[in-house]
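Student: If it helps, the file is called start_35.txt and holds compact mmCIF, C-alpha atoms and all ligand atoms:
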```
# COMPACT_ATOMS: atom_id res chain seq x y z
CA MET A 25 41.23 -63.43 -0.78
CA ASP A 26 41.47 -63.00 2.98
CA TRP A 27 39.42 -59.84 3.41
CA GLN A 28 39.77 -59.78 7.19
CA LEU A 29 43.54 -59.92 6.92
CA LEU A 30 43.49 -57.12 4.35
CA SER A 31 41.31 -55.08 6.69
CA HIS A 32 43.80 -55.59 9.53
CA LYS A 33 46.69 -54.54 7.36
CA VAL A 34 44.85 -51.42 6.26
CA LYS A 35 44.08 -50.61 9.87
CA ALA A 36 47.77 -51.03 10.67
CA GLY A 37 48.42 -48.35 8.06
CA GLU A 38 50.32 -50.56 5.61
CA THR A 39 50.70 -48.50 2.47
CA ALA A 40 50.57 -51.35 -0.04
CA SER A 41 47.45 -52.81 1.58
CA ILE A 42 45.70 -49.43 1.56
CA ALA A 43 46.43 -49.05 -2.16
CA ARG A 44 45.22 -52.60 -2.78
CA ALA A 45 42.02 -52.13 -0.80
CA ILE A 46 41.17 -48.96 -2.72
CA SER A 47 41.74 -50.64 -6.08
CA LEU A 48 39.60 -53.63 -5.14
CA VAL A 49 36.78 -51.40 -3.96
CA GLU A 50 37.06 -49.09 -6.97
CA ASN A 51 36.75 -52.07 -9.28
CA ASN A 52 33.81 -53.39 -7.31
CA HIS A 53 35.56 -56.67 -6.64
CA PRO A 54 33.02 -59.28 -5.55
CA GLY A 55 33.53 -59.77 -1.86
CA CYS A 56 34.74 -56.27 -1.05
CA GLN A 57 31.55 -55.91 0.94
CA THR A 58 33.30 -57.92 3.68
CA LEU A 59 36.06 -55.33 3.76
CA LEU A 60 33.64 -52.40 3.76
CA GLU A 61 31.65 -53.92 6.62
CA SER A 62 34.82 -54.30 8.70
CA LEU A 63 35.77 -50.62 8.45
CA GLU A 64 36.04 -48.49 11.55
CA MET A 65 35.40 -44.88 10.67
CA PRO A 66 36.32 -42.28 13.24
CA GLN A 67 34.94 -38.79 12.72
CA ILE A 68 37.97 -37.13 11.25
CA PRO A 69 37.79 -34.06 9.00
CA VAL A 70 37.20 -34.67 5.30
CA ILE A 71 38.07 -31.47 3.51
CA GLY A 72 36.92 -30.75 -0.04
CA ILE A 73 39.00 -28.21 -1.95
CA THR A 74 37.37 -26.84 -5.06
CA GLY A 75 37.59 -23.77 -7.25
CA PRO A 76 38.30 -22.70 -10.82
CA PRO A 77 41.25 -24.06 -12.82
CA GLY A 78 44.55 -22.52 -11.80
CA ALA A 79 43.25 -20.85 -8.63
CA GLY A 80 45.94 -22.60 -6.61
CA LYS A 81 44.07 -25.61 -5.22
CA SER A 82 46.98 -28.05 -5.53
CA SER A 83 49.38 -25.47 -4.07
CA ILE A 84 47.06 -25.05 -1.09
CA VAL A 85 46.68 -28.81 -0.65
CA ASN A 86 50.45 -29.03 -0.73
CA GLU A 87 50.87 -26.41 1.99
CA LEU A 88 48.02 -27.67 4.17
CA ALA A 89 49.32 -31.23 3.99
CA GLY A 90 52.79 -30.00 4.86
CA TYR A 91 51.46 -28.01 7.80
CA TRP A 92 49.58 -31.00 9.19
CA LEU A 93 52.45 -33.42 8.59
CA ASN A 94 54.71 -31.08 10.55
CA ASN A 95 52.18 -31.33 13.36
CA ASN A 96 52.55 -35.11 13.31
CA LEU A 97 49.22 -35.76 11.64
CA LYS A 98 48.66 -38.41 8.97
CA VAL A 99 47.27 -36.93 5.79
CA ALA A 100 45.52 -38.57 2.83
CA VAL A 101 44.98 -36.66 -0.41
CA ILE A 102 42.53 -37.65 -3.12
CA ALA A 103 42.98 -35.76 -6.37
CA VAL A 104 40.07 -36.12 -8.73
CA ASP A 105 41.45 -35.87 -12.25
CA PRO A 106 44.49 -33.81 -11.32
CA SER A 107 45.69 -31.53 -14.08
CA SER A 108 48.55 -30.00 -12.13
CA PRO A 109 50.95 -32.16 -10.18
CA PHE A 110 51.50 -31.90 -6.46
CA ASN A 111 54.93 -31.02 -5.24
CA PHE A 112 55.38 -32.98 -2.08
CA GLY A 113 59.12 -33.38 -2.51
CA ALA A 114 59.80 -30.54 -0.13
CA LEU A 115 57.71 -32.16 2.59
CA LEU A 116 59.61 -35.39 2.86
CA GLY A 117 62.37 -34.04 5.03
CA ASP A 118 66.06 -34.61 4.62
CA ARG A 119 66.24 -37.35 7.19
CA LEU A 120 63.72 -39.50 5.36
CA ARG A 121 65.25 -38.79 2.01
CA MET A 122 68.70 -39.68 3.22
CA ALA A 123 67.39 -42.93 4.60
CA GLY A 124 66.33 -43.75 1.06
CA HIS A 125 62.59 -43.45 1.59
CA PHE A 126 60.92 -41.67 -1.22
CA THR A 127 57.54 -41.58 0.38
CA ASN A 128 56.48 -40.18 3.69
CA PRO A 129 54.54 -42.92 5.51
CA ASN A 130 52.25 -40.27 6.99
CA LEU A 131 51.20 -39.04 3.55
CA PHE A 132 49.14 -40.99 1.04
CA ILE A 133 48.16 -39.54 -2.32
CA ARG A 134 45.61 -41.13 -4.57
CA SER A 135 44.36 -39.96 -7.94
CA LEU A 136 40.86 -40.89 -8.95
CA SER A 137 39.43 -40.46 -12.38
CA SER A 138 36.13 -38.65 -12.60
CA ARG A 139 35.11 -40.56 -15.68
CA GLY A 140 32.06 -42.76 -15.73
CA SER A 141 30.67 -41.47 -12.51
CA LEU A 142 27.61 -39.76 -11.20
CA GLY A 143 27.88 -36.00 -11.15
CA GLY A 144 31.58 -35.72 -11.84
CA LEU A 145 33.03 -37.41 -8.78
CA SER A 146 34.53 -40.84 -9.02
CA SER A 147 32.10 -43.52 -7.96
CA GLY A 148 34.62 -45.08 -5.57
CA ILE A 149 35.21 -41.89 -3.66
CA LEU A 150 33.00 -42.59 -0.64
CA GLU A 151 34.61 -45.96 -0.05
CA THR A 152 38.11 -44.59 -0.59
CA ILE A 153 37.51 -41.95 2.08
CA ASP A 154 36.27 -44.60 4.50
CA ILE A 155 39.30 -46.81 3.84
CA PHE A 156 41.51 -43.84 4.74
CA LYS A 157 39.54 -43.34 7.95
CA HIS A 158 40.01 -47.00 8.84
CA ALA A 159 43.73 -46.67 8.08
CA GLY A 160 44.07 -44.03 10.78
CA PHE A 161 44.55 -40.88 8.76
CA ASP A 162 43.84 -37.69 10.69
CA ARG A 163 42.94 -35.49 7.74
CA ILE A 164 41.55 -36.41 4.32
CA ILE A 165 41.71 -33.83 1.55
CA VAL A 166 39.82 -34.13 -1.74
CA GLU A 167 40.77 -31.78 -4.58
CA THR A 168 38.34 -31.34 -7.46
CA VAL A 169 38.32 -28.80 -10.25
CA GLY A 170 35.26 -26.65 -9.89
CA VAL A 171 33.71 -27.05 -13.26
CA GLY A 172 30.16 -28.10 -13.84
CA GLN A 173 28.72 -30.30 -11.18
CA SER A 174 31.76 -31.32 -9.23
CA GLU A 175 31.88 -28.38 -6.85
CA VAL A 176 28.34 -29.08 -5.76
CA GLU A 177 29.07 -32.80 -5.57
CA ILE A 178 32.10 -32.28 -3.37
CA ALA A 179 29.84 -30.70 -0.76
CA GLY A 180 28.11 -34.07 -0.58
CA VAL A 181 31.23 -36.02 0.41
CA ALA A 182 33.25 -33.47 2.40
CA ASP A 183 32.53 -32.31 5.94
CA THR A 184 34.12 -28.98 5.15
CA THR A 185 34.07 -27.49 1.67
CA VAL A 186 36.80 -24.96 0.93
CA VAL A 187 36.22 -22.85 -2.18
CA VAL A 188 39.43 -21.33 -3.56
CA THR A 189 39.08 -18.03 -5.39
CA VAL A 190 41.57 -15.47 -6.67
CA PRO A 191 41.26 -11.70 -6.36
CA GLU A 192 39.46 -10.09 -9.25
CA SER A 193 37.93 -6.68 -9.61
CA GLY A 194 35.25 -5.99 -6.97
CA ASP A 195 32.30 -6.70 -9.20
CA GLU A 196 33.42 -10.25 -9.80
CA VAL A 197 32.17 -11.32 -6.41
CA GLN A 198 28.68 -10.76 -7.75
CA ALA A 199 29.50 -13.13 -10.55
CA LEU A 200 30.44 -16.09 -8.35
CA LYS A 201 28.48 -18.98 -9.66
CA SER A 202 25.19 -19.40 -7.92
CA GLY A 203 25.36 -22.31 -5.55
CA VAL A 204 28.91 -21.52 -4.48
CA MET A 205 27.74 -19.32 -1.59
CA GLU A 206 25.67 -22.24 -0.30
CA ILE A 207 28.35 -24.92 -0.53
CA ALA A 208 31.35 -22.93 0.76
CA ASP A 209 32.10 -23.48 4.44
CA VAL A 210 35.39 -21.62 4.08
CA PHE A 211 36.43 -19.26 1.28
CA VAL A 212 40.08 -18.89 0.40
CA VAL A 213 41.22 -15.79 -1.42
CA ASN A 214 44.48 -17.18 -2.78
CA LYS A 215 47.17 -15.22 -4.62
CA ALA A 216 46.77 -12.55 -1.99
CA ASP A 217 50.07 -11.16 -3.24
CA ARG A 218 48.00 -9.74 -6.10
CA GLU A 219 46.58 -6.28 -6.02
CA GLY A 220 43.04 -5.91 -4.74
CA ALA A 221 43.08 -9.07 -2.62
CA ALA A 222 41.98 -7.37 0.60
CA ARG A 223 39.18 -5.55 -1.20
CA PHE A 224 38.00 -8.77 -2.84
CA ALA A 225 38.11 -10.61 0.49
CA GLY A 226 36.08 -7.78 2.04
CA HIS A 227 33.39 -8.09 -0.63
CA LEU A 228 33.33 -11.83 -0.16
CA ARG A 229 32.88 -11.43 3.61
CA GLU A 230 29.90 -9.18 3.01
CA ARG A 231 28.35 -11.75 0.72
CA ALA A 232 29.06 -14.54 3.21
CA ARG A 233 27.34 -12.55 5.95
CA GLU A 234 24.19 -12.27 3.82
CA ASN A 235 24.02 -16.01 3.32
CA LYS A 236 20.96 -17.47 5.02
CA THR A 237 22.20 -20.90 6.05
CA HIS A 238 25.68 -20.22 7.44
CA GLU A 239 28.46 -17.65 7.41
CA ALA A 240 31.63 -18.89 5.74
CA GLN A 241 34.98 -17.62 6.99
CA VAL A 242 37.11 -15.88 4.38
CA ILE A 243 40.87 -16.54 4.59
CA GLU A 244 43.53 -14.82 2.50
CA THR A 245 46.46 -17.00 1.45
CA ILE A 246 49.59 -16.94 -0.66
CA ALA A 247 50.00 -20.63 -1.37
CA THR A 248 53.42 -20.18 -2.93
CA THR A 249 54.86 -18.90 0.37
CA GLY A 250 52.56 -20.62 2.86
CA LYS A 251 51.11 -17.35 4.15
CA GLY A 252 47.66 -17.83 5.67
CA ILE A 253 47.86 -21.64 5.80
CA GLU A 254 47.81 -21.79 9.60
CA GLU A 255 44.69 -19.58 9.63
CA LEU A 256 43.11 -21.81 7.01
CA SER A 257 43.85 -24.89 9.10
CA LYS A 258 42.19 -23.20 12.08
CA ALA A 259 39.12 -22.21 10.05
CA ILE A 260 38.78 -25.84 8.91
CA SER A 261 39.05 -27.11 12.52
CA ASP A 262 36.52 -24.53 13.73
CA HIS A 263 34.08 -25.61 11.06
CA HIS A 264 34.64 -29.30 11.80
CA HIS A 265 33.90 -28.80 15.49
CA SER A 266 30.73 -26.87 14.72
CA MET A 267 29.63 -29.79 12.50
CA ALA A 268 30.00 -32.51 15.12
CA ASN A 269 26.34 -32.84 15.84
CA ASN A 270 24.62 -30.41 13.59
CA ALA A 271 21.80 -31.23 11.23
CA ARG A 272 23.98 -30.94 8.15
CA ARG A 273 26.05 -33.92 9.25
CA PHE A 274 22.98 -36.12 9.24
CA ILE A 275 21.85 -34.72 5.90
CA LEU A 276 25.26 -35.74 4.53
CA LEU A 277 24.97 -39.18 6.09
CA THR A 278 21.50 -39.63 4.62
CA ASP A 279 22.80 -38.57 1.24
CA LYS A 280 25.61 -41.09 1.56
CA LEU A 281 23.19 -43.85 2.52
CA GLY A 282 21.19 -43.03 -0.60
CA ARG A 283 24.28 -43.32 -2.77
CA ILE A 284 25.31 -46.64 -1.25
CA ILE A 285 21.85 -48.09 -1.79
CA ALA A 286 21.64 -46.70 -5.34
CA LYS A 287 25.03 -48.22 -6.15
CA ARG A 288 24.01 -51.62 -4.81
CA ARG A 289 20.72 -51.62 -6.65
CA MET A 290 22.51 -50.68 -9.87
CA ALA A 291 25.27 -53.25 -9.36
CA ASP A 292 23.89 -55.82 -11.78
CA PHE A 293 22.53 -53.31 -14.27
CA ASP A 294 24.35 -54.11 -17.49
CA ALA A 295 24.06 -50.98 -19.65
CA GLU A 296 25.58 -52.61 -22.73
CA LYS A 297 23.23 -55.56 -22.58
CA GLN A 298 20.24 -53.28 -22.06
CA ALA A 299 21.26 -51.16 -25.06
CA GLN A 300 21.18 -54.30 -27.18
CA ILE A 301 17.79 -55.35 -25.87
CA LEU A 302 16.35 -51.86 -26.33
CA GLN A 303 17.56 -51.86 -29.92
CA GLN A 304 15.31 -54.86 -30.48
CA ILE A 305 12.22 -53.65 -28.71
CA ALA A 306 12.15 -49.84 -28.38
CA ASN A 307 10.74 -49.23 -31.86
CA LYS A 308 7.94 -51.75 -31.53
CA PRO A 309 4.48 -50.24 -31.29
CA GLY A 310 3.25 -49.96 -27.75
CA PHE A 311 6.71 -50.04 -26.20
CA ASN A 312 6.77 -48.11 -22.94
CA LEU A 313 10.01 -47.53 -21.02
CA TYR A 314 8.20 -47.18 -17.69
CA VAL A 315 6.55 -50.54 -18.11
CA TYR A 316 9.85 -52.08 -19.18
CA ALA A 317 11.57 -50.57 -16.12
CA ASN A 318 9.23 -52.55 -13.85
CA LYS A 319 11.25 -55.59 -14.81
CA PHE A 320 14.00 -54.18 -12.59
CA SER A 321 11.89 -53.34 -9.56
CA GLN A 322 12.72 -55.27 -6.44
N1 LIG B 1 51.37 -15.40 -7.34
C1 LIG B 1 50.86 -16.52 -6.84
N2 LIG B 1 50.81 -17.62 -7.60
C2 LIG B 1 50.26 -18.73 -7.07
C3 LIG B 1 49.75 -18.74 -5.75
N3 LIG B 1 49.25 -19.99 -5.51
C4 LIG B 1 49.46 -20.70 -6.62
N4 LIG B 1 50.08 -19.97 -7.57
C5 LIG B 1 50.47 -20.40 -8.93
O1 LIG B 1 49.30 -20.61 -9.70
C6 LIG B 1 49.49 -21.69 -10.61
C7 LIG B 1 48.37 -22.70 -10.46
O2 LIG B 1 48.49 -23.32 -9.18
P1 LIG B 1 47.87 -24.74 -8.88
O3 LIG B 1 48.07 -24.99 -7.44
O4 LIG B 1 48.34 -25.74 -9.83
O5 LIG B 1 46.34 -24.44 -9.17
P2 LIG B 1 45.11 -25.48 -9.25
O6 LIG B 1 43.91 -24.72 -8.81
O7 LIG B 1 45.44 -26.72 -8.54
O8 LIG B 1 45.04 -25.75 -10.80
P3 LIG B 1 44.23 -26.93 -11.54
O9 LIG B 1 44.37 -28.19 -10.74
O10 LIG B 1 44.88 -27.00 -12.87
O11 LIG B 1 42.81 -26.46 -11.63
C8 LIG B 1 50.87 -22.25 -10.31
O12 LIG B 1 51.76 -21.71 -11.25
C9 LIG B 1 51.16 -21.76 -8.93
O13 LIG B 1 52.55 -21.62 -8.68
C10 LIG B 1 49.81 -17.55 -4.97
O14 LIG B 1 49.36 -17.46 -3.83
N5 LIG B 1 50.37 -16.46 -5.58
MG MG B 2 45.35 -28.80 -9.15
```
Mind converting the file's structure to structure tokens?

Tutor:
Amino acid sequence: MDWQLLSHKVKAGETASIARAISLVENNHPGCQTLLESLEMPQIPVIGITGPPGAGKSSIVNELAGYWLNNNLKVAVIAVDPSSPFNFGALLGDRLRMAGHFTNPNLFIRSLSSRGSLGGLSSGILETIDIFKHAGFDRIIVETVGVGQSEVEIAGVADTTVVVTVPESGDEVQALKSGVMEIADVFVVNKADREGAARFAGHLRERARENKTHEAQVIETIATTGKGIEELSKAISDHHHSMANNARRFILLTDKLGRIIAKRRMADFDAEKQAQILQQIANKPGFNLYVYANKFSQ
């Protein structure tokens, strides 16, 4: 495997090479370290989109990606366990379609499974994002369904976390899961064609103002028509610029360093083999898991 050549091809934006690089890294191919060490990673916005099932996350990703593509930006989308399909057909443009291209070279979509990973996000997600950066994408969007841990986890990989909500009766704002106020950099009140949207957005703004660490912007959208998407794009840019040198960026980087180190240290941990060994020894008198764990200390 010529890793340097692969790295060059990824940097040149070759679709097949990007897909190949991601697969190799996801599968922890021995040697992919060479590729990872060759990556150039400009500071482009990584946007996490999270929220409850059916809130309209994929529809918003669809519209945002379309908006950016129309502005001649290259967009990568990572869907973690997508349950609803994207509908990028409309974005391809007649000219491209007529030329027989079924994919827009400025758009790359990748699905990642969330299975077998720490905290709900796929374990290859950090590397996949960095491969996209190397490949010259201008925007990277990660969609996760906000159930359990994943909405908190997304805040650890995205520069800007967008939490998508839908208008409910006023009291519902109180019921937003704790932790969401802290992770949201931008709130979207989608399905603003529904009654009570403005009122809900108002309540959310009040809550955002009370937040101690930062005040999230609240944007109303109708993803099915594209209303509010330009404002959302602006809110994301504003947040990204405010991040450039702020403390949070270095907290994220530190967190990422921790994950990379943890992954490396765990690389030769064979869970199946250890289960077999533990079956033999764990019931013996005097067995102590902490003592046994010392065997793995470096
Ligand atoms: N009325 C209305 N419907 C919308 C709007 N945005 C999305 N929808 C509809 O809501 C449904 C769910 O939209 P998705 O974009 O798939 O939502 P999602 O959050 O990605 O859903 P999951 O990935 O399954 O969690 C679809 O039928 C959309 O057409 C909106 O602004 N107004
Ligand atoms: Mg979806």

Student: Residues at most 6 Å from ligand LIG 1 (chain B), using all atoms listed in the file? Could they come as a PyMOL selection string?

Tutor: chain A and resi 76-83+106-108+169+214-217+246-248

Student: Tell me, in Å to one decimal, how far atom CA of Lys35 of chain A is from atom CA of Gly160 of chain A.

Tutor: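 Atom CA of Gly160 of chain A lies 6.6 Å from atom CA of Lys35 of chain A.
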
Student: Find the distance between atom CA of Ala208 of chain A and atom CA of Pro69 of chain A and write it in Å to one decimal.

Tutor: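 Going from atom CA of Ala208 of chain A over to atom CA of Pro69 of chain A, I get 15.3 Å.
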
Student: Rounded to one decimal place, report the atom CA of Leu228 of chain A-atom CA of Val242 of chain A distance in Å.

Tutor: 7.2 Å

Student: Env of Thr184 of chain A: 12 Å cut, atoms = all atoms listed in the file, seq-sep filter 2 positions within chain, self excluded. Answer as a PyMOL selection string.

Tutor: chain A and resi 68-74+163-166+178-182+186-187+207-211+240-241+256-257+259-268+272-273+276

Student: Could you tell me which of A:Gly75, A:Pro191, A:Gly310, A:Gly55 comes closest to ligand MG 2 (chain B) if we count only C-alpha atoms and all ligand atoms?

Tutor: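 Closest to ligand MG 2 (chain B) of all the choices is A:Gly75.
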
Student: A:Leu131, A:Lys33, A:Ile84, A:Arg231: which is nearest ligand MG 2 (chain B), counting all atoms listed in the file?

Tutor: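 The shortest atom-to-atom distance to ligand MG 2 (chain B) comes from A:Ile84.
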
Student: Between A:Asn94, A:Thr185, A:Ser135, A:Asn307, which residue has the minimum interatomic distance to ligand MG 2 (chain B), considering all atoms listed in the file?

Tutor: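 Checking each candidate against ligand MG 2 (chain B), we get A:Ser135 as the closest.
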
Student: May I have the residues within 8 Å of segment 149-157 of chain A as a list in words, using all atoms listed in the file and disregarding those fewer than 6 positions away in the same chain?

Tutor: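 That gives Val34, Ile42, Ala45, Ile46, Val49, Glu50, Leu60, Leu63, Glu64, Met65, Pro66, Ile68, Val70, Ala100, Leu136, Ile164, Val181 and Lys280 of chain A.
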
Student: Can you tell me, as lines of an AutoDock Vina configuration file, the centre and edge lengths (Å, one decimal) of the axis-aligned box enclosing all of segment 266-272 of chain A's listed atoms after padding each side by 4 Å?

Tutor:
```
center_x = 26.3
center_y = -29.9
center_z = 12.0
size_x = 16.9
size_y = 14.0
size_z = 15.7
```

Student: Please determine, counting all atoms listed in the file, which residue among A:Val190, A:Ala40, A:Ile284, A:Met205 has the shortest atom-to-atom distance to Gly220 of chain A.

Tutor: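 Once distances to Gly220 of chain A are computed over all atoms listed in the file, the minimum belongs to A:Val190.
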
Student: Please determine, counting all atoms listed in the file, which residue among A:Gly37, A:Gly90, A:Gly148, A:Gly282 has the shortest atom-to-atom distance to Phe161 of chain A.

Tutor: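 Once distances to Phe161 of chain A are computed over all atoms listed in the file, the minimum belongs to A:Gly37.
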
Student: From the list A:Tyr314, A:Met290, A:Ala43, A:Val85, which residue is nearest ligand MG 2 (chain B) when using all atoms listed in the file?

Tutor: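 The closest residue to ligand MG 2 (chain B) is A:Val85.
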